[in-house]
Structure formats: structure tokens, C-alpha cells
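Report on one structure; see the data block that follows.
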Amino acid sequence: MCAIADSSLGVKRSEEFKEKVRSINLNRSSEVKERVKRAVIAANTGRVSWNKGIKMPLEMRRKTSSKGMKFPNRRPISHEDYLKVCEANRKPRGEAYLQNRSLISSKTYFFVSPEGAQIKIENMRVFCGKMGLNHSHMYQVARRNIVHHRGWRLDGECVQG
């Protein structure tokens, strides 16, 4: 007998009963499994979960990660401590590295200025920053999506690797 009505909580099952249920589940066809799966989905469709709209406390949010309770003992840190950690993780690279990196990733463009002079541009973003141009529009000129930007036009072959 069940101690609580409509609940098998706390009921000890015999090994014979467990084996009988196990054999029934093993011999079930995939068709029956799919039918049961569809029935469970239909029963739960439109159901509102019990915690819908309840926000987790800030302390708990900081302790959990995106994958669940991977770091349960992680303490919340202040914004100042977070900035210190970010600064410590930055690697000093120097000005020479930054200049070389921008040249490596940049392409060479050839444009005609509004005055008619031919200009070779090594780094589009840096050039547009110095000249007060919109780099997005200049890239569109380079891709031949638009004809000109503030008088700057494409000159022959646009890009060199």
C-alpha cells in the first residue's frame, strides 16, 4: 500500500517487480516510444513553468555560470576588482606591435582624391580617420557598391593583397 494517496513515494519494490518493468520497457517498439513521446509533448505544450517571471537573486546569478553550477563557490566581485583583473590579464605589446599588426591585416587601395591626385592607401581606417571620411562608405567605394564618397573615387584596380 502507498503511504500517500496517488504517490508511490517511499514504496519499496521487489526485485521481481523491477525486472518485470525492465523487460516491458526493453521490448517496447520504437513506434510505441514515439507515440508516448508525442503524448508527453502534447501534454506539456502551453504549460507555464512554476518559476516564469521570477528573477534569480543577484548573489545567485554571480555564483552560477552559463553551464549551471560549475563554480558554486565563486564569490561576487566588485566592479573595481573586476577592472583590476582585466588590467592584469592584458599583455603589454607595445606601439611597434600595433603598427605592424595593422599593416599585416590591411590591404592596399588606390583612390583618386577630389583634386584629381592618385592616392595609395595602406590602411583604410587610419586614412579615413586622418582625412575625416567615413571608412564604411570608402569600403563601399572600394567594392564598387557606390561611385564616390565626398569626391573620392576608385582608381583602376582597387585592392592589392
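The chains in the C-alpha cells are called A, B, ... from first to last as shown; in each chain the residues are counted from 1, and the ligands are counted from 1 in the order shown.
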
Report as JSON, numbers by chain all protein, DNA and RNA residues lying within 10 Å of segment 130-139 of chain A, evaluated on only C-alpha atoms, omitting residues in the same chain fewer than 3 positions from it.
{"A": [109, 111, 124, 125, 126, 127, 142, 143, 144, 145, 146, 147, 148, 149, 150, 152, 153, 154]}

Identify which of the residues A:Arg28, A:Ser8, A:Asp155, A:Gln140 lies closest to Ala117 of chain A, counting only C-alpha atoms when measuring atom-to-atom distances.
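Of all the options, A:Asp155 lies closest to Ala117 of chain A.
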